[in-house]
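Undergrad: Take this structure, written in structure tokens, and hold onto it; I'll ask about it next.
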Amino acid sequence: MPLRATFLTLFPDSLGPILQSSILGRGQKAGLLAVDTVDLRDFSTNKHRTVDDSPAGGGPGMILRVDVVAGALSALRERDPTVHVVAVDARGAPFSQRAARRLAKLPHVAFLCGRYEGIDARAFELVDETLSLGDFVVTGGELPALAMFDAAARLVPGVLGNDASTASESFAAVLLEERQYTRPVVFRGRAVPPVLLSGNHQEIARARRKDALVLTAKLRPDLFTARDKHRSDDKLLADQRVPTLDPAASGDSDDEGGT
């Protein structure tokens with residue numbers, strides 16, 4: 001059964017280029033994802049198809065009307081009573097990899113994308129949850145909603161082609177992902193770490209784990225503190241024989257285009 005996503009938006013045409021491209025597009029062609037949009041203007045209550053009004057009590061901007069949102073959600077739930085509706089709003093709970101995993105297991109998730117100065121507060125009583133992409137403000141909910149869907153969709157088995165790709169990524173185990181390299185081996189005097197070229201898969205795995213721990217401690221100490229603590233990780237961090245994946249200095253001539 002595919003993961004189905006519905007975007008409730010004032011600008012449905014803006015979503016197409018991303019939803020139809022790359023992995024999301026291939027996931028739909030393979031029947032693993034199903035995507036549709038709902039134009040909120042279709043639920044306007046007047047002939048001018050207006051969907052917003054001035055803030056009660058005065059103030060700048062325009063507010064998306066609750067009756068418009070309610071009409072759209074009622075029609076959506078009439079078609080699928082099981083749909084899980086997410087309002088995308090800066091005041092929502094922070095979106096995380098854990099939330100992505102949860103959404104990926106749902107049969108149908110809908111994203112309510114706000115615009116203008118915001119959404120009438122009463123509309124939030126009509127959704128199942130409210131999520132935020134971070135402590136910043138964008139011009140509409142479409143981009144954050146796309147990011148949330150992308151994060152969930154790539155966890156659906158088969159969407160990435162190789163399901164192992166998600167197992168070691170950042171946040172999959174509450175750690176940042178280790179640093180990655182490819183050709184050229186040497187670039188401007190900086191070389192791929194020798195351990196990655198050693199062919200010793202056990203040592204490569206240990207170096208990758210150590211690098212993920214060191215990076216997380218340095219860049220996201222909050223995640224490092226909250227991680228599941230294992231004695232083996234403490235030993236790994238203390239073992240000077242196990243390298244991290246810092247670029248290696250090289251005296252060889254630069255190779256910016258070859259192998």
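Here's how to read the names in the structure tokens: chain A, B, ... by the order shown, residue numbers from 1 in each chain, ligand numbers from 1 in the order shown.
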Would you list, as a VMD selection string, the residues of segment 112-211 of chain A that end up in helix (DSSP H, G or I) under DSSP run on this structure's backbone?
TA: chain A and resid 121 to 126 142 to 153 163 to 166 194 to 197 201 to 211
Undergrad: With a distance cut-off of 12 Å and only C-alpha atoms, select the neighbouring residues of Leu3 of chain A, excluding the residue or stretch itself and same-chain residues fewer than 5 positions from it, and output the selection as a PyMOL selection string.
TA: chain A and resi 24+27-28+30-36+83-84+101-110+149-150+152-159
Undergrad: Please produce a file of those selected residues containing C-alpha atoms, as a tab-separated table (two decimals), in the first residue's frame.
TA:
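Writing the result to again.tsv gives the following:
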chain	number	residue	atom	x	y	z
A	24	LEU	CA	9.72	11.34	-5.29
A	27	GLY	CA	8.41	6.53	-6.11
A	28	GLN	CA	5.09	7.58	-7.60
A	30	ALA	CA	6.61	2.66	-8.97
A	31	GLY	CA	3.34	2.85	-7.05
A	32	LEU	CA	5.09	3.35	-3.70
A	33	LEU	CA	3.90	6.94	-3.26
A	34	ALA	CA	0.67	8.68	-4.21
A	35	VAL	CA	0.40	12.47	-4.16
A	36	ASP	CA	-2.45	14.90	-4.77
A	83	VAL	CA	-6.38	10.76	6.83
A	84	HIS	CA	-3.94	12.26	9.33
A	101	ARG	CA	9.44	7.63	10.67
A	102	ARG	CA	6.01	8.01	12.24
A	103	LEU	CA	4.51	9.72	9.19
A	104	ALA	CA	6.06	7.12	6.88
A	105	LYS	CA	3.98	4.42	8.56
A	106	LEU	CA	0.67	6.21	7.96
A	107	PRO	CA	-1.46	5.28	4.95
A	108	HIS	CA	-2.48	8.88	4.25
A	109	VAL	CA	-1.08	12.16	5.56
A	110	ALA	CA	-2.29	15.63	4.59
A	149	PHE	CA	7.03	14.59	3.04
A	150	ASP	CA	10.42	13.98	1.44
A	152	ALA	CA	8.96	10.46	5.31
A	153	ALA	CA	8.74	9.20	1.73
A	154	ARG	CA	12.36	8.13	1.53
A	155	LEU	CA	11.74	5.80	4.50
A	156	VAL	CA	9.04	3.87	2.62
A	157	PRO	CA	10.57	0.51	1.64
A	158	GLY	CA	11.67	0.52	-1.98
A	159	VAL	CA	11.55	4.27	-2.56
Undergrad: Would you list the contacts of Asp53 of chain A as a list in words, taking every protein, DNA or RNA residue within 12 Å and counting only C-alpha atoms, but skipping same-chain residues closer than 4 positions in sequence?
TA: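 Contacts, in chain order: Ser44, Arg49, Gly57, Gly58, Gly59, Pro60, Gly61, Met62, Ile63, Leu64, Arg65, Val66, Asp67, Val68, Arg115, Tyr116, Glu117, Gly118, Ile119 and Asp120 of chain A.
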Undergrad: Could you give me, as a short mmCIF file (atom, residue, chain, number, x, y, z; two decimals) with N, CA and C atoms, in the first residue's frame, the residues within 8 Å of segment 142-146 of chain A, counting only C-alpha atoms and dropping anything in the same chain fewer than 6 positions from it?
TA:
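So the final result, stored in part_12.cif, reads:
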data_model
loop_
_atom_site.label_atom_id
_atom_site.label_comp_id
_atom_site.auth_asym_id
_atom_site.auth_seq_id
_atom_site.Cartn_x
_atom_site.Cartn_y
_atom_site.Cartn_z
N PHE A 7 -1.63 17.71 -0.23
CA PHE A 7 -1.19 19.05 0.16
C PHE A 7 -2.36 20.01 -0.02
N THR A 9 -3.34 23.68 -0.19
CA THR A 9 -2.52 24.84 -0.48
C THR A 9 -3.27 25.82 -1.38
N LEU A 15 3.99 23.01 -6.36
CA LEU A 15 4.54 21.79 -5.80
C LEU A 15 5.00 20.79 -6.86
N VAL A 88 1.17 22.86 9.06
CA VAL A 88 2.56 23.30 9.03
C VAL A 88 2.61 24.74 9.52
N PHE A 111 -1.05 17.69 4.48
CA PHE A 111 -0.33 18.85 5.01
C PHE A 111 -1.14 20.11 4.71
N CYS A 113 -1.05 23.84 4.40
CA CYS A 113 -0.01 24.83 4.16
C CYS A 113 -0.58 26.24 4.32
N GLY A 114 -0.12 26.95 5.30
CA GLY A 114 -0.59 28.31 5.53
C GLY A 114 0.08 29.31 4.60
N SER A 132 6.53 22.04 12.97
CA SER A 132 7.35 23.14 12.48
C SER A 132 8.68 22.59 12.00
N LEU A 133 9.21 23.20 10.94
CA LEU A 133 10.50 22.77 10.42
C LEU A 133 11.66 23.42 11.18
#
Undergrad: Using DSSP on the backbone, list every residue of segment 27-170 of chain A that comes out as strand (DSSP E), and give them as a ChimeraX atom specification.
TA: /A:33-39,52-53,63-64,84-94,108-113,118-119,129-132
Undergrad: Those residues you just picked out, can you put them in a file as a short mmCIF file (atom, residue, chain, number, x, y, z; two decimals), in the first residue's frame with N, CA, C and O atoms?
TA:
data_model
loop_
_atom_site.label_atom_id
_atom_site.label_comp_id
_atom_site.auth_asym_id
_atom_site.auth_seq_id
_atom_site.Cartn_x
_atom_site.Cartn_y
_atom_site.Cartn_z
N LEU A 33 4.39 5.66 -3.77
CA LEU A 33 3.90 6.94 -3.26
C LEU A 33 2.73 7.38 -4.11
O LEU A 33 2.67 7.09 -5.31
N ALA A 34 1.81 8.09 -3.48
CA ALA A 34 0.67 8.68 -4.21
C ALA A 34 0.48 10.09 -3.67
O ALA A 34 0.39 10.29 -2.46
N VAL A 35 0.46 11.07 -4.56
CA VAL A 35 0.40 12.47 -4.16
C VAL A 35 -0.73 13.19 -4.88
O VAL A 35 -0.94 12.98 -6.09
N ASP A 36 -1.47 14.02 -4.14
CA ASP A 36 -2.45 14.90 -4.77
C ASP A 36 -2.49 16.22 -4.02
O ASP A 36 -1.93 16.36 -2.93
N THR A 37 -3.11 17.21 -4.63
CA THR A 37 -3.22 18.53 -4.03
C THR A 37 -4.67 18.95 -3.95
O THR A 37 -5.51 18.51 -4.74
N VAL A 38 -4.94 19.81 -2.99
CA VAL A 38 -6.27 20.41 -2.84
C VAL A 38 -6.09 21.92 -2.86
O VAL A 38 -5.31 22.47 -2.07
N ASP A 39 -6.78 22.58 -3.79
CA ASP A 39 -6.72 24.04 -3.89
C ASP A 39 -7.70 24.63 -2.89
O ASP A 39 -8.92 24.46 -3.01
N ASP A 52 -9.06 34.76 2.50
CA ASP A 52 -8.45 35.40 3.65
C ASP A 52 -9.23 36.65 4.04
O ASP A 52 -10.11 37.11 3.32
N ASP A 53 -8.89 37.19 5.21
CA ASP A 53 -9.53 38.41 5.68
C ASP A 53 -8.58 39.10 6.65
O ASP A 53 -7.57 38.51 7.08
N ILE A 63 -5.33 36.95 7.12
CA ILE A 63 -5.43 35.68 7.82
C ILE A 63 -6.27 34.71 7.00
O ILE A 63 -7.34 35.06 6.51
N LEU A 64 -5.78 33.48 6.85
CA LEU A 64 -6.53 32.44 6.15
C LEU A 64 -7.76 32.08 6.97
O LEU A 64 -7.66 31.76 8.16
N HIS A 84 -4.58 11.59 8.20
CA HIS A 84 -3.94 12.26 9.33
C HIS A 84 -3.51 13.65 8.86
O HIS A 84 -2.68 13.77 7.95
N VAL A 85 -4.06 14.69 9.46
CA VAL A 85 -3.84 16.06 8.97
C VAL A 85 -2.79 16.76 9.83
O VAL A 85 -2.92 16.85 11.06
N VAL A 86 -1.77 17.28 9.15
CA VAL A 86 -0.69 18.02 9.80
C VAL A 86 -0.77 19.47 9.36
O VAL A 86 -0.71 19.77 8.16
N ALA A 87 -0.91 20.38 10.31
CA ALA A 87 -0.79 21.80 10.01
C ALA A 87 0.68 22.18 10.08
O ALA A 87 1.38 21.82 11.04
N VAL A 88 1.17 22.86 9.06
CA VAL A 88 2.56 23.30 9.03
C VAL A 88 2.61 24.74 9.52
O VAL A 88 2.09 25.64 8.86
N ASP A 89 3.20 24.93 10.69
CA ASP A 89 3.18 26.25 11.31
C ASP A 89 4.39 26.40 12.23
O ASP A 89 4.82 25.42 12.87
N ALA A 90 4.94 27.61 12.29
CA ALA A 90 6.13 27.86 13.09
C ALA A 90 5.93 27.59 14.58
O ALA A 90 6.89 27.38 15.32
N ARG A 91 4.68 27.57 15.03
CA ARG A 91 4.42 27.31 16.45
C ARG A 91 4.26 25.83 16.76
O ARG A 91 3.96 25.46 17.90
N GLY A 92 4.44 24.99 15.76
CA GLY A 92 4.25 23.56 15.96
C GLY A 92 5.41 22.89 16.64
O GLY A 92 6.46 23.49 16.90
N ALA A 93 5.24 21.61 16.97
CA ALA A 93 6.32 20.82 17.53
C ALA A 93 7.43 20.67 16.50
O ALA A 93 7.15 20.55 15.30
N PRO A 94 8.68 20.66 16.92
CA PRO A 94 9.79 20.54 15.96
C PRO A 94 9.73 19.22 15.20
O PRO A 94 9.58 18.16 15.80
N HIS A 108 -2.11 7.63 4.92
CA HIS A 108 -2.48 8.88 4.25
C HIS A 108 -2.22 10.05 5.20
O HIS A 108 -2.77 10.11 6.30
N VAL A 109 -1.36 10.96 4.78
CA VAL A 109 -1.08 12.16 5.56
C VAL A 109 -1.37 13.38 4.71
O VAL A 109 -1.08 13.40 3.51
N ALA A 110 -1.97 14.39 5.30
CA ALA A 110 -2.29 15.63 4.59
C ALA A 110 -1.58 16.79 5.28
O ALA A 110 -1.54 16.85 6.51
N PHE A 111 -1.05 17.69 4.48
CA PHE A 111 -0.33 18.85 5.01
C PHE A 111 -1.14 20.11 4.71
O PHE A 111 -1.39 20.43 3.54
N LEU A 112 -1.52 20.81 5.75
CA LEU A 112 -2.22 22.09 5.61
C LEU A 112 -1.17 23.19 5.56
O LEU A 112 -0.46 23.45 6.54
N CYS A 113 -1.05 23.84 4.40
CA CYS A 113 -0.01 24.83 4.16
C CYS A 113 -0.58 26.24 4.32
O CYS A 113 -1.43 26.66 3.53
N GLY A 118 -0.95 34.19 8.47
CA GLY A 118 -1.18 32.99 9.27
C GLY A 118 -2.55 32.41 9.02
O GLY A 118 -3.28 32.82 8.11
N ILE A 119 -2.91 31.46 9.86
CA ILE A 119 -4.19 30.76 9.77
C ILE A 119 -5.02 31.09 11.00
O ILE A 119 -4.48 31.18 12.11
N GLU A 129 -2.32 17.31 14.25
CA GLU A 129 -1.12 17.81 14.92
C GLU A 129 -0.56 18.99 14.13
O GLU A 129 -0.91 19.20 12.96
N THR A 130 0.31 19.74 14.77
CA THR A 130 0.97 20.87 14.14
C THR A 130 2.47 20.68 14.25
O THR A 130 2.99 20.41 15.33
N LEU A 131 3.17 20.80 13.12
CA LEU A 131 4.61 20.59 13.09
C LEU A 131 5.31 21.81 12.50
O LEU A 131 4.77 22.50 11.64
N SER A 132 6.53 22.04 12.97
CA SER A 132 7.35 23.14 12.48
C SER A 132 8.68 22.59 12.00
O SER A 132 9.23 21.65 12.58
#
Undergrad: Could you check how far atom CA of Gly189 of chain A sits from atom CA of Ala207 of chain A, in Å to one decimal?
TA: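 The value is 21.6 Å.
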Undergrad: Pick out the closest residue to Ala191 of chain A from this set: A:Ala56, A:Leu76, A:Ala99, A:Leu245. Count only C-alpha atoms.
TA: A:Leu245
Undergrad: Report the distance between atom CA of Arg79 of chain A and atom CA of Ser14 of chain A in Å, rounded to one decimal place.
TA: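 Result for atom CA of Arg79 of chain A versus atom CA of Ser14 of chain A: 23.9 Å, one decimal.
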Undergrad: So the first atom is atom CA of Ala72 of chain A and the second is atom CA of Leu40 of chain A; what is the distance between them in Å, to one decimal place?
TA: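 Computing it gives 6.5 Å between the two atoms.
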